[in-house]
file upload.cif (mmCIF, C-alpha atoms)
data_work
#
loop_
_atom_site.label_atom_id
_atom_site.label_comp_id
_atom_site.auth_asym_id
_atom_site.auth_seq_id
_atom_site.Cartn_x
_atom_site.Cartn_y
_atom_site.Cartn_z
CA MET A 203 85.97 101.03 113.70
CA LEU A 204 87.64 104.28 114.56
CA THR A 205 87.65 107.09 112.02
CA LEU A 206 90.23 109.86 112.27
CA LYS A 207 90.20 112.97 110.09
CA PHE A 208 92.98 115.47 109.65
CA ASN A 209 92.92 118.71 107.65
CA HIS A 210 96.18 120.41 106.85
CA ALA A 211 97.31 123.41 104.89
CA ALA A 212 100.50 122.12 103.28
CA LYS A 213 103.30 124.39 102.17
CA ARG A 214 102.72 123.74 98.47
CA ARG A 215 100.85 121.47 96.03
CA LEU A 216 102.37 118.06 95.42
CA ALA A 217 104.15 117.92 92.05
CA GLY A 218 103.27 115.43 89.32
CA LYS A 219 100.37 114.61 87.01
CA GLN A 220 98.85 111.46 88.48
CA THR A 221 95.26 112.02 89.60
CA THR A 222 94.94 108.87 91.69
CA ALA A 223 97.16 106.15 93.15
CA ILE A 224 96.79 103.26 95.57
CA ILE A 225 99.52 101.49 97.52
CA GLY A 226 99.54 98.73 100.13
CA VAL A 227 97.01 96.11 101.14
CA VAL A 228 94.64 95.83 104.11
CA ALA A 229 96.38 92.96 105.89
CA SER A 230 97.74 92.37 109.35
CA GLY A 231 100.41 94.99 110.06
CA ASN A 232 99.79 96.63 106.70
CA LEU A 233 97.45 99.28 105.30
CA GLU A 234 96.18 100.63 102.01
CA VAL A 235 96.56 104.27 101.09
CA LEU A 236 94.41 105.83 98.36
CA LEU A 237 95.60 109.20 97.11
CA GLU A 238 93.36 111.45 94.99
CA ARG A 239 94.25 114.88 93.61
CA LEU A 240 90.90 116.49 94.37
CA LEU A 241 91.46 119.52 96.57
CA PRO A 242 92.13 123.16 95.68
CA GLY A 243 95.39 124.90 96.49
CA ALA A 244 97.64 123.35 99.10
CA ASN A 245 94.87 121.82 101.20
CA CYS A 246 95.31 118.22 102.30
CA GLU A 247 92.70 115.94 103.87
CA ILE A 248 93.60 112.63 105.43
CA GLU A 249 90.96 110.18 106.63
CA ILE A 250 91.89 107.00 108.45
CA ALA A 251 89.69 103.99 109.24
CA THR A 252 91.29 101.66 111.76
CA PRO A 253 90.09 98.82 114.00
CA VAL A 254 92.80 99.67 116.54
CA THR A 255 91.83 102.24 119.14
CA GLY A 256 93.94 104.30 121.52
CA TYR A 257 96.61 105.51 119.11
CA ASP A 258 95.08 108.85 118.06
CA ALA A 259 98.13 110.80 119.24
CA THR A 260 100.47 108.47 117.31
CA TRP A 261 98.46 108.88 114.11
CA LYS A 262 98.50 112.66 114.56
CA ALA A 263 102.27 112.70 115.06
CA VAL A 264 102.88 110.57 111.95
CA ILE A 265 100.53 112.65 109.78
CA ASP A 266 101.98 115.97 111.04
CA GLU A 267 105.50 114.78 110.23
CA PHE A 268 104.44 113.48 106.81
CA VAL A 269 102.71 116.72 105.81
CA GLU A 270 105.67 118.78 107.04
CA ARG A 271 108.21 116.74 105.08
CA PHE A 272 106.31 115.91 101.86
CA SER A 273 103.89 118.81 101.51
CA PRO A 274 101.06 116.79 99.91
CA GLY A 275 98.96 119.84 98.93
CA GLY A 276 95.88 119.13 96.79
CA LEU A 277 95.53 115.51 97.92
CA ARG A 278 92.71 113.71 99.62
CA ILE A 279 94.32 110.69 101.26
CA SER A 280 92.15 107.81 102.49
CA ILE A 281 93.57 105.01 104.60
CA ASN A 282 92.19 101.59 105.46
CA ASP A 283 94.39 100.32 108.26
CA GLY A 284 95.05 96.72 109.19
CA GLY A 285 96.98 97.55 112.35
CA ALA A 286 100.15 98.90 110.71
CA ARG A 287 103.06 100.23 112.76
CA PRO A 288 103.89 103.94 112.43
CA ASP A 289 106.98 103.25 110.30
CA THR A 290 104.88 101.20 107.86
CA VAL A 291 102.30 103.99 107.70
CA PHE A 292 105.00 106.53 106.92
CA LEU A 293 106.54 104.27 104.27
CA ARG A 294 103.20 103.78 102.49
CA LEU A 295 102.49 107.53 102.55
CA MET A 296 105.92 108.17 101.00
CA GLN A 297 105.34 105.47 98.35
CA GLY A 298 101.93 106.97 97.57
CA CYS A 299 103.42 110.43 97.06
CA ALA A 300 106.12 108.98 94.81
CA LEU A 301 103.41 107.40 92.64
CA MET A 302 101.46 110.67 92.46
CA GLU A 303 104.60 112.58 91.48
CA ASN A 304 104.98 110.49 88.31
CA VAL A 305 104.44 112.62 85.22
CA MET B 284 114.48 98.58 80.74
CA GLU B 285 116.75 97.06 83.36
CA ASN B 286 114.02 97.66 85.92
CA ALA B 287 111.49 95.92 83.67
CA ALA B 288 113.74 92.85 83.44
CA ILE B 289 114.14 92.71 87.21
CA TYR B 290 110.43 93.15 87.71
CA ALA B 291 109.63 90.33 85.27
CA ARG B 292 111.53 87.96 87.55
CA ALA B 293 109.76 89.22 90.69
CA GLY B 294 107.93 86.52 92.61
CA TRP B 295 104.22 85.89 92.02
CA PHE B 296 103.66 84.18 95.39
CA GLN B 297 104.54 87.25 97.47
CA ALA B 298 103.11 89.88 95.12
CA THR B 299 99.88 91.80 95.60
CA ALA B 300 96.96 91.43 93.17
CA ARG B 301 97.83 94.80 91.59
CA GLN B 302 101.48 93.87 91.18
CA ARG B 303 100.45 90.59 89.51
CA VAL B 304 98.14 92.33 87.04
CA ALA B 305 100.87 94.82 86.18
CA GLY B 306 103.50 92.08 85.84
CA LEU B 307 101.30 89.69 83.85
CA LEU B 308 99.93 92.04 81.20
CA ASP B 309 101.75 94.00 78.50
CA PRO B 310 103.19 97.22 79.96
CA ASN B 311 100.67 100.02 80.52
CA SER B 312 97.87 98.06 78.82
CA PHE B 313 95.60 97.64 81.86
CA THR B 314 92.38 99.60 82.37
CA GLU B 315 90.64 98.94 85.67
CA PHE B 316 86.85 98.67 86.06
CA LEU B 317 85.33 99.86 89.36
CA GLY B 318 88.69 101.03 90.67
CA PRO B 319 89.42 101.93 94.28
CA SER B 320 88.33 105.58 93.88
CA GLU B 321 84.76 104.36 93.35
CA ARG B 322 84.87 102.74 96.77
CA ILE B 323 82.78 99.70 95.81
CA GLN B 324 83.48 97.99 99.11
CA SER B 325 81.92 95.54 101.54
CA PRO B 326 78.78 96.78 103.29
CA HIS B 327 79.20 94.09 105.97
CA LEU B 328 82.72 94.18 107.37
CA HIS B 329 82.24 97.30 109.51
CA LEU B 330 79.49 95.42 111.41
CA PHE B 331 82.23 93.08 112.59
CA ASP B 332 84.56 95.97 113.40
CA LEU B 333 86.82 94.88 110.55
CA PRO B 334 88.49 97.19 108.05
CA SER B 335 87.24 97.29 104.46
CA ALA B 336 89.33 97.55 101.30
CA PHE B 337 88.49 100.15 98.64
CA ASP B 338 88.28 97.42 95.99
CA ASP B 339 86.99 94.70 98.37
CA GLY B 340 90.09 92.69 97.51
CA VAL B 341 89.43 92.14 93.81
CA VAL B 342 90.94 94.00 90.85
CA ILE B 343 89.05 93.68 87.54
CA GLY B 344 89.62 95.21 84.14
CA ARG B 345 90.91 94.68 80.62
CA GLY B 346 94.32 94.73 79.03
CA LYS B 347 96.60 92.94 76.63
CA LEU B 348 98.66 89.80 77.04
CA ASP B 349 101.24 89.30 74.28
CA GLY B 350 99.10 91.60 72.14
CA ASN B 351 95.89 89.65 72.76
CA ASP B 352 92.92 91.44 74.34
CA VAL B 353 91.99 89.91 77.69
CA LEU B 354 89.72 90.53 80.64
CA VAL B 355 91.36 90.04 84.03
CA ALA B 356 90.16 89.48 87.59
CA ALA B 357 92.73 89.24 90.39
CA GLN B 358 91.99 88.29 93.99
CA GLU B 359 94.06 89.94 96.73
CA GLY B 360 94.99 86.97 98.90
CA GLN B 361 96.38 89.15 101.67
CA PHE B 362 93.03 90.89 102.28
CA MET B 363 90.69 88.60 104.25
CA GLY B 364 92.36 85.59 102.61
CA GLY B 365 91.24 86.66 99.14
CA THR B 366 87.76 85.54 100.00
CA PHE B 367 84.60 85.42 97.91
CA ALA B 368 82.09 87.86 99.37
CA GLU B 369 79.13 89.89 98.17
CA VAL B 370 81.06 92.66 96.43
CA SER B 371 84.36 90.93 95.65
CA GLY B 372 82.48 88.00 94.11
CA ALA B 373 80.00 90.17 92.19
CA LYS B 374 82.91 91.96 90.50
CA ILE B 375 84.26 88.64 89.12
CA VAL B 376 80.80 87.32 88.18
CA GLY B 377 79.99 90.59 86.40
CA LEU B 378 83.23 90.42 84.42
CA VAL B 379 82.61 86.83 83.27
CA ARG B 380 78.98 87.60 82.38
CA ALA B 381 80.09 90.64 80.41
CA ALA B 382 82.42 88.45 78.35
CA ARG B 383 79.54 85.99 77.87
CA ASP B 384 77.08 88.63 76.66
CA HIS B 385 79.21 91.10 74.74
CA LYS B 386 81.19 89.77 71.79
CA GLU B 387 82.91 93.14 71.37
CA LEU B 388 84.67 92.57 74.70
CA PRO B 389 87.79 90.38 74.89
CA GLN B 390 86.76 86.72 74.69
CA THR B 391 89.49 85.52 77.03
CA VAL B 392 89.14 85.90 80.80
CA LEU B 393 92.13 85.39 83.10
CA LEU B 394 91.25 84.60 86.71
CA LEU B 395 94.18 85.23 89.06
CA LEU B 396 92.85 83.13 91.92
CA ASP B 397 94.27 83.61 95.42
CA SER B 398 91.59 82.64 97.90
CA GLY B 399 90.81 80.43 100.85
CA GLY B 400 87.16 80.30 99.75
CA VAL B 401 84.06 82.04 101.06
CA ARG B 402 84.42 85.02 103.43
CA LEU B 403 82.85 83.74 106.65
CA GLN B 404 81.52 87.18 107.68
CA GLU B 405 79.45 87.23 104.47
CA ALA B 406 79.02 83.49 104.13
CA ASN B 407 75.57 83.29 102.52
CA ALA B 408 76.40 85.94 99.93
CA GLY B 409 79.77 84.28 99.39
CA GLU B 410 78.32 80.80 98.81
CA LEU B 411 75.78 82.25 96.38
CA VAL B 412 78.42 84.14 94.48
CA VAL B 413 80.58 81.03 94.05
CA ALA B 414 77.56 79.23 92.56
CA GLU B 415 76.85 82.23 90.32
CA LEU B 416 80.47 82.33 89.20
CA MET B 417 80.61 78.63 88.31
CA ARG B 418 77.39 79.02 86.32
CA ALA B 419 78.68 82.18 84.62
CA ILE B 420 81.95 80.46 83.65
CA VAL B 421 80.11 77.47 82.17
CA GLN B 422 77.76 79.77 80.25
CA ALA B 423 80.64 81.91 79.04
CA ARG B 424 82.59 78.85 77.90
CA SER B 425 79.46 77.63 76.07
CA ALA B 426 79.39 81.00 74.31
CA GLY B 427 82.98 80.52 73.17
CA VAL B 428 84.83 82.45 75.89
CA ALA B 429 88.14 81.01 77.15
CA VAL B 430 88.43 81.21 80.95
CA ILE B 431 91.94 80.55 82.24
CA ALA B 432 92.78 80.19 85.93
CA LEU B 433 96.23 81.19 87.22
CA VAL B 434 97.02 79.82 90.69
CA GLY B 435 100.19 80.71 92.57
CA GLY B 436 99.25 82.98 95.48
CA LYS B 437 99.73 82.59 99.21
CA ALA B 438 96.11 81.65 99.87
CA GLY B 439 96.12 79.07 97.06
CA ALA B 440 92.75 78.19 95.53
CA PHE B 441 90.63 76.50 98.19
CA GLY B 442 86.90 76.15 98.76
CA GLY B 443 85.00 78.18 96.19
CA ALA B 444 88.24 79.12 94.45
CA GLY B 445 89.09 75.43 93.99
CA LEU B 446 85.61 74.83 92.57
CA THR B 447 85.98 77.87 90.32
CA ALA B 448 89.34 76.64 89.02
CA ALA B 449 87.77 73.29 88.18
CA THR B 450 85.15 74.96 85.95
CA CYS B 451 87.75 76.87 83.89
CA SER B 452 88.87 76.02 80.35
CA ARG B 453 92.48 75.73 81.40
CA ILE B 454 94.53 76.05 84.62
CA ALA B 455 98.13 77.18 85.17
CA VAL B 456 99.77 76.57 88.54
CA SER B 457 103.14 77.20 90.17
CA GLU B 458 104.85 74.92 92.68
CA GLN B 459 103.62 77.17 95.50
CA GLY B 460 100.08 77.28 94.13
CA ARG B 461 97.78 74.90 95.92
CA ILE B 462 94.43 73.79 94.53
CA ALA B 463 91.82 71.88 96.53
CA VAL B 464 88.32 72.28 97.93
CA SER B 465 88.64 71.38 101.62
CA GLY B 466 91.84 72.71 103.17
CA PRO B 467 94.17 70.40 105.12
CA GLU B 468 92.97 71.58 108.55
CA VAL B 469 89.34 71.07 107.55
CA ILE B 470 90.01 67.50 106.41
CA GLU B 471 91.94 66.69 109.58
CA THR B 472 89.22 68.18 111.79
CA ASN B 473 86.46 66.21 110.11
CA LYS B 474 88.14 62.91 109.25
CA GLY B 475 91.01 62.69 111.72
CA VAL B 476 94.77 62.95 111.55
CA GLU B 477 95.01 59.46 110.01
CA GLU B 478 93.18 60.78 106.96
CA PHE B 479 95.31 63.88 106.46
CA ASP B 480 97.95 65.28 108.83
CA SER B 481 97.72 69.03 108.28
CA LYS B 482 100.91 69.64 110.27
CA ASN B 483 102.93 67.47 107.90
CA LYS B 484 103.83 70.24 105.47
CA ALA B 485 105.67 67.95 103.05
CA LEU B 486 102.53 65.80 102.80
CA VAL B 487 100.22 68.80 102.42
CA TRP B 488 102.32 70.56 99.79
CA SER B 489 103.02 67.42 97.79
CA THR B 490 99.28 66.64 97.75
CA ASP B 491 97.69 70.06 97.20
CA GLY B 492 100.71 71.76 95.60
CA GLY B 493 101.20 72.67 91.97
CA LYS B 494 103.54 69.83 91.03
CA ASN B 495 101.04 67.14 91.98
CA ARG B 496 98.16 69.00 90.36
CA ARG B 497 100.14 69.29 87.14
CA LEU B 498 101.22 65.62 87.10
CA ILE B 499 97.76 64.16 87.64
CA GLY B 500 96.10 66.47 85.12
CA GLY B 501 94.63 68.92 87.65
CA ALA B 502 96.45 71.77 85.90
CA ASP B 503 97.45 72.20 82.28
CA ALA B 504 100.61 74.30 82.59
CA PHE B 505 103.35 74.66 85.18
CA ALA B 506 104.49 78.22 85.81
CA GLU B 507 107.74 79.45 87.34
CA ASP B 508 106.94 81.56 90.40
CA SER B 509 107.47 84.89 88.65
CA MET B 510 105.63 87.47 86.58
CA GLU B 511 107.26 86.22 83.37
CA GLY B 512 106.63 82.61 84.45
CA PHE B 513 102.87 83.14 84.68
CA ARG B 514 102.94 85.27 81.54
CA ALA B 515 104.57 82.43 79.60
CA ALA B 516 102.21 79.83 81.09
CA ALA B 517 99.09 81.86 80.28
CA ILE B 518 100.26 82.55 76.72
CA SER B 519 101.03 78.84 76.22
CA LEU B 520 97.45 77.97 77.18
CA PHE B 521 95.79 80.34 74.67
CA ALA B 522 96.30 77.81 71.89
CA LYS B 523 95.14 74.86 74.00
CA VAL B 524 91.64 75.93 75.06
CA PRO B 525 89.22 73.10 74.30
CA ALA B 526 85.84 73.66 72.69
CA PHE B 527 83.11 73.49 75.33
CA ASN B 528 80.67 70.87 74.12
CA LEU B 529 79.25 67.45 74.92
CA LYS B 530 82.36 65.74 73.55
CA THR B 531 84.63 67.68 75.90
CA MET B 532 82.33 67.00 78.86
CA GLN B 533 82.29 63.28 78.11
CA ALA B 534 86.06 63.24 77.73
CA GLU B 535 86.39 65.02 81.08
CA GLN B 536 84.07 62.51 82.75
CA GLU B 537 86.08 59.62 81.33
CA ARG B 538 89.36 61.25 82.35
CA LEU B 539 88.24 61.76 85.95
CA ALA B 540 86.77 58.26 86.23
CA ALA B 541 90.01 56.76 84.88
CA ARG B 542 92.03 58.90 87.29
CA GLN B 543 90.04 57.72 90.26
CA LYS B 544 90.46 54.12 89.19
CA LYS B 545 94.18 54.53 88.62
CA PHE B 546 95.04 56.37 91.85
CA GLY B 547 92.22 55.17 94.13
CA ALA B 548 94.49 52.93 96.18
CA CYS B 549 97.29 55.50 96.58
CA ASP B 550 97.68 57.06 100.00
CA ASP B 551 99.95 59.97 99.13
CA ALA B 552 101.26 61.97 96.20
CA VAL B 553 104.55 60.05 95.87
CA SER B 554 102.67 56.78 95.41
CA MET B 555 100.57 58.43 92.67
CA TRP B 556 103.75 59.60 90.93
CA ARG B 557 105.05 56.02 91.08
CA VAL B 558 101.82 54.79 89.47
CA LEU B 559 102.37 57.37 86.72
CA GLY B 560 105.58 55.54 85.88
CA ILE B 561 107.97 58.19 87.15
CA LYS B 562 111.27 56.43 87.88
CA ASP B 563 112.36 58.40 90.92
CA PRO B 564 109.16 59.89 92.38
CA GLU B 565 110.88 61.09 95.57
CA ALA B 566 113.04 63.40 93.44
CA ILE B 567 110.02 65.33 92.13
CA ARG B 568 109.85 67.51 95.23
CA ASP B 569 113.37 68.91 94.70
CA MET B 570 113.25 69.12 90.91
CA ASP B 571 113.66 72.62 89.51
CA GLY B 572 110.97 74.27 87.41
CA TRP B 573 112.27 73.70 83.88
CA ASP B 574 113.12 70.03 84.46
CA PHE B 575 109.77 69.50 86.10
CA ALA B 576 107.80 71.24 83.35
CA ALA B 577 109.57 69.06 80.77
CA LEU B 578 108.84 65.90 82.77
CA ALA B 579 105.19 66.86 83.19
CA SER B 580 104.84 67.40 79.44
CA SER B 581 105.89 63.78 78.89
CA ILE B 582 103.28 62.30 81.28
CA LYS B 583 100.15 61.07 79.50
CA GLU B 584 97.74 61.80 82.38
CA ALA B 585 99.00 65.37 82.68
CA ASN B 586 98.17 66.24 79.09
CA HIS B 587 94.66 65.79 77.77
CA ASP B 588 92.05 67.47 75.58
CA ALA B 589 89.33 67.37 78.22
CA ARG B 590 88.27 69.84 80.98
#
call {"tool": "encode", "arguments": {"input": "upload.cif", "output": "structure tokens"}}
result
Amino acid sequence: MLTLKFNHAAKRRLAGKQTTAIIGVVASGNLEVLLERLLPGANCEIEIATPVTGYDATWKAVIDEFVERFSPGGLRISINDGGARPDTVFLRLMQGCALMENV
Amino acid sequence: MENAAIYARAGWFQATARQRVAGLLDPNSFTEFLGPSERIQSPHLHLFDLPSAFDDGVVIGRGKLDGNDVLVAAQEGQFMGGTFAEVSGAKIVGLVRAARDHKELPQTVLLLLDSGGVRLQEANAGELVVAELMRAIVQARSAGVAVIALVGGKAGAFGGAGLTAATCSRIAVSEQGRIAVSGPEVIETNKGVEEFDSKNKALVWSTDGGKNRRLIGGADAFAEDSMEGFRAAAISLFAKVPAFNLKTMQAEQERLAARQKKFGACDDAVSMWRVLGIKDPEAIRDMDGWDFAALASSIKEANHDAR
């Protein structure tokens, strides 16, 4: 298993009141994303566990784009990957943020 | 409200365990035990270089169904085939034992089975946990707890999940829900293609599928493949849970012996349906849910007080 960790300073804290949310399933071509509102300020930590190696640069590009566009400040995001494509990863991250933004 | 109505008709077969729990129970009534944030996950999968799930593929908790307090366990069929393993199994066993031991907890347990059986990477722990679960269900039923199995997921209820279903007070199944112990490929591998042709999907689904199970008394309610379908089926079974005692056990033994005698010479599901006295057994496969449910309610073998 490969573990990737990213630390970002987002532009702002993510809105909403939800303290935790989970979306997706660990299945072939899919992934689960657990979001927890645990961090101070606009910090964001993302940790990925994946059985697929060799795509570190792709993960970094997806995460950079996600943080830039959705500004998930205050979240610790944990991912169990089942070999999802980058578009699926991005979709799940967006869905997770939408759940956390619920009041 | 419009969204709620659309969601109620959403399919059960394709849904995740979490979507099923949300769609089955009364809105916002669910409280999860050992949720994903607690990261109670498999200690074994990483040894095989396989990804874990934060809930090990089982969602447990309590909620309300039509105002009634219930405990719920839902297997995630998409994760490792919904398999019974050390952690995923212990969560279900713990839930059933809690109902058995604590009268202040809801005395109805809904098991949303979606499993191919034991997780091979944790096979010894998985086999043990299936045995523990069957024992826990029997003990809970003896203590007055109703345990209701709902089967309609992609993985069906095979192996340990098939055994588990058979120990429950009542079973609801959809057309897509399959219930058996040995899967079609296993039977073909061990006994040959003459015994069971696993590539003949019409044969497999008519044998293991929900319609056959319902007609021959292997399930007590037929659910439409939707959230509201399983909701209605589960609610309908609340009032039909048999007492768990010697009389019920003897009735069950007699029922199964009579079934074996009646269908022993049949070589496929259609011939069993003919023996049941159904006029046009070939038409069963294409019959829609409401017509089928009504037909099943009129078949003597499908409706009994045993189990």
call {"tool": "residues_around", "arguments": {"input": "upload.cif", "residues": "Lys219 of chain A", "least_positions_apart": "3", "cutoff": "8 Å", "atoms": "only C-alpha atoms", "output": "JSON list (two decimals) with C-alpha atoms, in the frame of the given file"}}
result
[["chain", "number", "residue", "atom", "x", "y", "z"],
["A", 302, "MET", "CA", 101.46, 110.67, 92.46],
["A", 303, "GLU", "CA", 104.60, 112.58, 91.48],
["A", 304, "ASN", "CA", 104.98, 110.49, 88.31],
["A", 305, "VAL", "CA", 104.44, 112.62, 85.22]]
call {"tool": "closest_atom_pairs", "arguments": {"input": "upload.cif", "of": "chain B", "to": "chain A", "cutoff": "12 Å", "atoms": "all atoms listed in the file", "output": "JSON lines"}}
result
{"residue": "B:Ala298", "atom": "CA", "partner": "A:Val227", "partner_atom": "CA", "distance": 10.6}
{"residue": "B:Thr299", "atom": "CA", "partner": "A:Val227", "partner_atom": "CA", "distance": 7.6}
{"residue": "B:Ala300", "atom": "CA", "partner": "A:Val227", "partner_atom": "CA", "distance": 9.2}
{"residue": "B:Arg301", "atom": "CA", "partner": "A:Ile225", "partner_atom": "CA", "distance": 9.1}
{"residue": "B:Gln302", "atom": "CA", "partner": "A:Ile225", "partner_atom": "CA", "distance": 10.1}
{"residue": "B:Gly318", "atom": "CA", "partner": "A:Ile224", "partner_atom": "CA", "distance": 9.7}
{"residue": "B:Pro319", "atom": "CA", "partner": "A:Leu236", "partner_atom": "CA", "distance": 7.5}
{"residue": "B:Ser320", "atom": "CA", "partner": "A:Leu236", "partner_atom": "CA", "distance": 7.6}
{"residue": "B:Glu321", "atom": "CA", "partner": "A:Leu236", "partner_atom": "CA", "distance": 11.0}
{"residue": "B:Arg322", "atom": "CA", "partner": "A:Leu236", "partner_atom": "CA", "distance": 10.2}
{"residue": "B:Gln324", "atom": "CA", "partner": "A:Asn282", "partner_atom": "CA", "distance": 11.4}
{"residue": "B:Leu328", "atom": "CA", "partner": "A:Met203", "partner_atom": "CA", "distance": 9.9}
{"residue": "B:His329", "atom": "CA", "partner": "A:Met203", "partner_atom": "CA", "distance": 6.7}
{"residue": "B:Leu330", "atom": "CA", "partner": "A:Met203", "partner_atom": "CA", "distance": 8.9}
{"residue": "B:Phe331", "atom": "CA", "partner": "A:Met203", "partner_atom": "CA", "distance": 8.9}
{"residue": "B:Asp332", "atom": "CA", "partner": "A:Met203", "partner_atom": "CA", "distance": 5.3}
{"residue": "B:Leu333", "atom": "CA", "partner": "A:Pro253", "partner_atom": "CA", "distance": 6.2}
{"residue": "B:Pro334", "atom": "CA", "partner": "A:Asn282", "partner_atom": "CA", "distance": 6.3}
{"residue": "B:Ser335", "atom": "CA", "partner": "A:Asn282", "partner_atom": "CA", "distance": 6.6}
{"residue": "B:Ala336", "atom": "CA", "partner": "A:Val228", "partner_atom": "CA", "distance": 6.2}
{"residue": "B:Phe337", "atom": "CA", "partner": "A:Asn282", "partner_atom": "CA", "distance": 7.9}
{"residue": "B:Asp338", "atom": "CA", "partner": "A:Val227", "partner_atom": "CA", "distance": 10.2}
{"residue": "B:Asp339", "atom": "CA", "partner": "A:Val228", "partner_atom": "CA", "distance": 9.6}
{"residue": "B:Gly340", "atom": "CA", "partner": "A:Val227", "partner_atom": "CA", "distance": 8.5}
{"residue": "B:Val341", "atom": "CA", "partner": "A:Val227", "partner_atom": "CA", "distance": 11.3}
{"residue": "B:Val342", "atom": "CA", "partner": "A:Ile224", "partner_atom": "CA", "distance": 11.9}
{"residue": "B:Gln358", "atom": "CA", "partner": "A:Val227", "partner_atom": "CA", "distance": 11.7}
{"residue": "B:Glu359", "atom": "CA", "partner": "A:Val227", "partner_atom": "CA", "distance": 8.1}
{"residue": "B:Gly360", "atom": "CA", "partner": "A:Ala229", "partner_atom": "CA", "distance": 9.3}
{"residue": "B:Gln361", "atom": "CA", "partner": "A:Ala229", "partner_atom": "CA", "distance": 5.7}
{"residue": "B:Phe362", "atom": "CA", "partner": "A:Ala229", "partner_atom": "CA", "distance": 5.3}
{"residue": "B:Met363", "atom": "CA", "partner": "A:Ala229", "partner_atom": "CA", "distance": 7.4}
{"residue": "B:Gly364", "atom": "CA", "partner": "A:Ala229", "partner_atom": "CA", "distance": 9.0}
{"residue": "B:Gly365", "atom": "CA", "partner": "A:Ala229", "partner_atom": "CA", "distance": 10.6}
call {"tool": "residues_near_point", "arguments": {"input": "upload.cif", "point": "(105.9, 86.9, 94.9)", "cutoff": "12 Å", "atoms": "all atoms listed in the file", "output": "number ranges by chain"}}
result
B: 290-303, 306, 360-361, 435-437, 457, 459-460, 507-513
call {"tool": "resolve_selection", "arguments": {"input": "upload.cif", "expression": "the PyMOL selection byres ((chain B and resi 406) around 12)", "output": "PyMOL selection string"}}
result
chain B and resi 327-328+366-369+372+400-405+407-413+443
call {"tool": "resolve_selection", "arguments": {"input": "upload.cif", "expression": "the PyMOL selection byres ((chain B and resi 550) around 12)", "output": "number ranges by chain"}}
result
B: 477-479, 486, 489-490, 546-549, 551-558
call {"tool": "residues_near_point", "arguments": {"input": "upload.cif", "point": "(98.2, 120.7, 99.8)", "cutoff": "10 Å", "atoms": "all atoms listed in the file", "output": "count of residues only"}}
result
24
call {"tool": "residues_around", "arguments": {"input": "upload.cif", "residues": "Trp261 of chain A", "least_positions_apart": "3", "cutoff": "9 Å", "atoms": "all atoms listed in the file", "output": "ChimeraX atom specification"}}
result
/A:206,250,257-258,264-266,288,291
call {"tool": "write_last_selection", "arguments": {"input": "upload.cif", "atoms": "C-alpha atoms", "output": "mmCIF file, keeping the file's coordinate frame"}}
result
data_model
loop_
_atom_site.group_PDB
_atom_site.id
_atom_site.type_symbol
_atom_site.label_atom_id
_atom_site.label_comp_id
_atom_site.auth_asym_id
_atom_site.auth_seq_id
_atom_site.Cartn_x
_atom_site.Cartn_y
_atom_site.Cartn_z
ATOM 1 C CA LEU A 206 90.230 109.860 112.270
ATOM 2 C CA ILE A 250 91.890 107.000 108.450
ATOM 3 C CA TYR A 257 96.610 105.510 119.110
ATOM 4 C CA ASP A 258 95.080 108.850 118.060
ATOM 5 C CA VAL A 264 102.880 110.570 111.950
ATOM 6 C CA ILE A 265 100.530 112.650 109.780
ATOM 7 C CA ASP A 266 101.980 115.970 111.040
ATOM 8 C CA PRO A 288 103.890 103.940 112.430
ATOM 9 C CA VAL A 291 102.300 103.990 107.700
#
call {"tool": "residues_around", "arguments": {"input": "upload.cif", "residues": "Leu395 of chain B", "least_positions_apart": "3", "cutoff": "7 Å", "atoms": "only C-alpha atoms", "output": "list in words"}}
result
Ala356, Ala357, Gln358, Ala432, Leu433 and Val434 of chain B
call {"tool": "write_last_selection", "arguments": {"input": "upload.cif", "atoms": "C-alpha atoms", "output": "compact mmCIF listing (two decimals), in the coordinates of the input"}}
result
# COMPACT_ATOMS: atom_id res chain seq x y z
CA ALA B 356 90.16 89.48 87.59
CA ALA B 357 92.73 89.24 90.39
CA GLN B 358 91.99 88.29 93.99
CA ALA B 432 92.78 80.19 85.93
CA LEU B 433 96.23 81.19 87.22
CA VAL B 434 97.02 79.82 90.69
call {"tool": "residues_around", "arguments": {"input": "upload.cif", "residues": "segment 310-314 of chain B", "least_positions_apart": "6", "cutoff": "7 Å", "atoms": "only C-alpha atoms", "output": "list of chain:residue names"}}
result
B:Gly344, B:Arg345, B:Gly346, B:Lys347
call {"tool": "atom_distance", "arguments": {"input": "upload.cif", "atom1": "atom CA of Ser425 of chain B", "atom2": "atom CA of Phe527 of chain B"}}
result
5.6 Å
call {"tool": "residues_around", "arguments": {"input": "upload.cif", "residues": "Phe292 of chain A", "least_positions_apart": "2", "cutoff": "9 Å", "atoms": "all atoms listed in the file", "output": "PyMOL selection string"}}
result
chain A and resi 264-265+267-268+287-290+294-297
call {"tool": "atom_distance", "arguments": {"input": "upload.cif", "atom1": "atom CA of Gln422 of chain B", "atom2": "atom CA of Leu378 of chain B"}}
result
12.7 Å
call {"tool": "atom_distance", "arguments": {"input": "upload.cif", "atom1": "atom CA of Val456 of chain B", "atom2": "atom CA of Gly501 of chain B"}}
result
9.3 Å
call {"tool": "closest_residue", "arguments": {"input": "upload.cif", "among": "B:Ala455, B:Ile343, B:Met417, B:Leu498", "to": "Ala515 of chain B", "atoms": "only C-alpha atoms"}}
result
B:Ala455
call {"tool": "closest_residue", "arguments": {"input": "upload.cif", "among": "B:Ile470, B:Met570, B:Val430, B:Ala506", "to": "Phe521 of chain B", "atoms": "all atoms listed in the file"}}
result
B:Val430
call {"tool": "closest_residue", "arguments": {"input": "upload.cif", "among": "B:Ala576, B:Ala585, B:Ala522, B:Ala449", "to": "Ile499 of chain B", "atoms": "only C-alpha atoms"}}
result
B:Ala585
